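Have a look at the structure below, then the notes.
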Amino acid sequence: MARKMVYGINDRPPFVIMLLSGAQHVLTLFGSTTLVPLIFGPAMGMDALQIASLISCVYFGMGVATLIQTSKKLGSGLPIVQGSSFSFIPSVMTVIALYKAAGPETVMQYMGGGLIAGGIILSVIGYSRIVGIIRKVITPIVIGPVIMAIGFSLAGTAVQGNAANYWPASLAVVILIFLFSLVIKNKYINIFAILLAIVVTYCVCLVLSTNGVFAPDHPAYIDLTKVSAAPWLRDFKNVIIPWGMPKFSLMAFAALLAGFFATMIESIGDYHSVSYASGVDDPDSETISRGIGAEGLCCALSGVFGSVGTTSYTENIGLIGLTGVASRVVVRTGAIILILMSFVGKLSALIATMPSPIIGGAYIALFGTIGAMGIQTLMRADMSSQRNILIVGFAFLMALGLPGWVEQNQALFINPASSQIYQTLGGMVWAVLKTPMAVAGICAAICDSLVPGTDEERGIK
């Protein structure tokens, strides 16, 4: 039985409760939504002010996406928050590797083009109800390795690229996350565990930086000069196409397709979870189709707004279960707060000063949790079956091993002596096969569809 609702999905709470509950949704998504641009910005070579602009774009894009998803006409109509997706990280890293030499603005232009093209396709899949057919081959045996690949393939980004720069700060974040989420038994501290861990560690590093303990070249040094240089309000002219006109590339599009596939899998499960948490019936095919269609539309708009890929947020579903506030109006209020925050330039600039070791500590906890959620998904299938063990093991090992080999042997896929068509097609195949979650999904889907197995084994009954 779902817990008793304080405010149901169609209720409108008093203004003060609506405002505070909406702000709580923003605080819950704040940490994860902010971490994604903090990964991409440094990877592209952005400076602090450019990262601040990217964060503002992300807040605006996610606010608009949440308004669309909670609409009963355009979206699922469920009280579900849209945030920046971790599922796109491996795909976007491929796009960054392809175009980084041309500068961060160019990378964002190609990413915008890929989001627009892929978003339109996902929107068609959703609104045309094709998603019902696709769901028949997306079993837990396929979903599990994909989610595991998303989390565990990012270990290098978490450890070598960030945490290892200064382990004391990184481990402090990890320890505080365990403390706030598992040891201390307070529901509000538990809800904001990641955010609290980051804020506490950041404040300690700031004190050590201002008192001269950390030198300017120290990995955990915090420099606030960029914050003073940032404007209080973002220019409204930078809302649409802030990085320049989107550029369309089949290689960037192919790389991002794996991200769209993974977010579709995530969201279908989240629609069921949020319905249960809200005390309403499971979503019907029409609701799921509109939800996936809205996700595609939101991703396409994110490309226009200079933002990143979007997906439904499980953390906020948990918040509904904890508080008993499932009002759609509350979630929409949170979306409006997020949009208003996107125009506060100094806020984004302050967030952009986050040292990489602190980010690395948060990554270790988050990426590990994502990978473990893939294992949890596999529990819906019969993992005592030798069939499933072999399929999952094969798919996950290929996801970890094949992309590295593909990346090193780019010449096998893109031959300069061949025609432009073959170079483009080869580049698309190369971009897909160097993305771990795409390899996991392809291998698992093919094996699960071809190898005989009962519905109980596959976890679909």
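To be explicit about the labels: the chains of the structure tokens are called A, B, and onward in the order shown, and within each one the residues are counted from 1, while ligands get numbers from 1 in the order they are shown.
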
- [ ] Report the residues of stretch 241-360 of chain A whose backbone DSSP state falls under helix (DSSP H, G or I), written as a PyMOL selection string.
- [x] chain A and resi 250-277+285-305+314-323+328-341+345-351+356-360

For stretch 10-42 of chain A against stretch 156-176 of chain A, with a cut-off of 12 Å and counting only C-alpha atoms, what is the closest atom pair and its distance in Å to one decimal for every residue that makes the cut, ordered by chain and number, as JSON lines?
{"residue": "A:Leu35", "atom": "CA", "partner": "A:Ala158", "partner_atom": "CA", "distance": 11.4}
{"residue": "A:Val36", "atom": "CA", "partner": "A:Thr157", "partner_atom": "CA", "distance": 11.9}
{"residue": "A:Leu38", "atom": "CA", "partner": "A:Asn162", "partner_atom": "CA", "distance": 10.9}
{"residue": "A:Ile39", "atom": "CA", "partner": "A:Thr157", "partner_atom": "CA", "distance": 8.5}
{"residue": "A:Phe40", "atom": "CA", "partner": "A:Thr157", "partner_atom": "CA", "distance": 10.7}
{"residue": "A:Pro42", "atom": "CA", "partner": "A:Gly161", "partner_atom": "CA", "distance": 10.0}

Go ahead and save the picked residues with N, CA and C atoms, as a compact mmCIF listing (two decimals), in the first residue's frame.
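That gives us out_25.txt:
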# COMPACT_ATOMS: atom_id res chain seq x y z
N LEU A 35 25.70 18.79 -10.97
CA LEU A 35 26.92 18.02 -11.19
C LEU A 35 27.16 17.73 -12.67
N VAL A 36 26.09 17.56 -13.45
CA VAL A 36 26.28 17.21 -14.87
C VAL A 36 27.01 18.31 -15.63
N LEU A 38 28.94 20.44 -14.36
CA LEU A 38 30.27 20.52 -13.76
C LEU A 38 31.19 19.41 -14.28
N ILE A 39 30.62 18.36 -14.87
CA ILE A 39 31.42 17.34 -15.55
C ILE A 39 31.79 17.82 -16.95
N PHE A 40 30.78 18.28 -17.68
CA PHE A 40 30.98 18.62 -19.08
C PHE A 40 31.85 19.87 -19.27
N PRO A 42 34.46 21.43 -17.54
CA PRO A 42 35.92 21.23 -17.55
C PRO A 42 36.38 20.30 -18.66

Task: Among the residues A:Cys447, A:Val344, A:Gly427, A:Gly113, the one that comes closest to A:Asn415 [using only C-alpha atoms] - done: A:Gly427

TODO: Do a neighbour search on A:Pro140 at 9 Å with only C-alpha atoms, toss out local chain neighbours closer than 6 positions, and write the hits as an NGL selection string.
DONE: :A and (374 or 377-381 or 458-460)

File dump, residues just selected, N, CA and C atoms, as a tab-separated table (two decimals), in the first residue's frame:
chain	number	residue	atom	x	y	z
A	374	GLY	N	21.55	-0.86	-11.43
A	374	GLY	CA	21.46	-1.84	-12.52
A	374	GLY	C	21.41	-3.25	-11.98
A	377	THR	N	17.99	-3.87	-10.66
A	377	THR	CA	17.03	-4.14	-11.73
A	377	THR	C	17.05	-5.61	-12.13
A	378	LEU	N	18.24	-6.20	-12.14
A	378	LEU	CA	18.37	-7.61	-12.52
A	378	LEU	C	17.65	-8.54	-11.56
A	379	MET	N	17.38	-8.06	-10.35
A	379	MET	CA	16.68	-8.90	-9.36
A	379	MET	C	15.25	-9.18	-9.78
A	380	ARG	N	14.72	-8.39	-10.73
A	380	ARG	CA	13.37	-8.65	-11.23
A	380	ARG	C	13.33	-9.86	-12.14
A	381	ALA	N	14.49	-10.27	-12.64
A	381	ALA	CA	14.58	-11.47	-13.47
A	381	ALA	C	15.11	-12.62	-12.62
A	458	ARG	N	13.00	-14.07	-17.90
A	458	ARG	CA	13.33	-12.75	-18.44
A	458	ARG	C	12.79	-11.60	-17.58
A	459	GLY	N	11.95	-11.92	-16.61
A	459	GLY	CA	11.44	-10.89	-15.70
A	459	GLY	C	10.36	-10.02	-16.31
A	460	ILE	N	9.58	-10.56	-17.24
A	460	ILE	CA	8.55	-9.74	-17.89
A	460	ILE	C	7.15	-10.23	-17.57
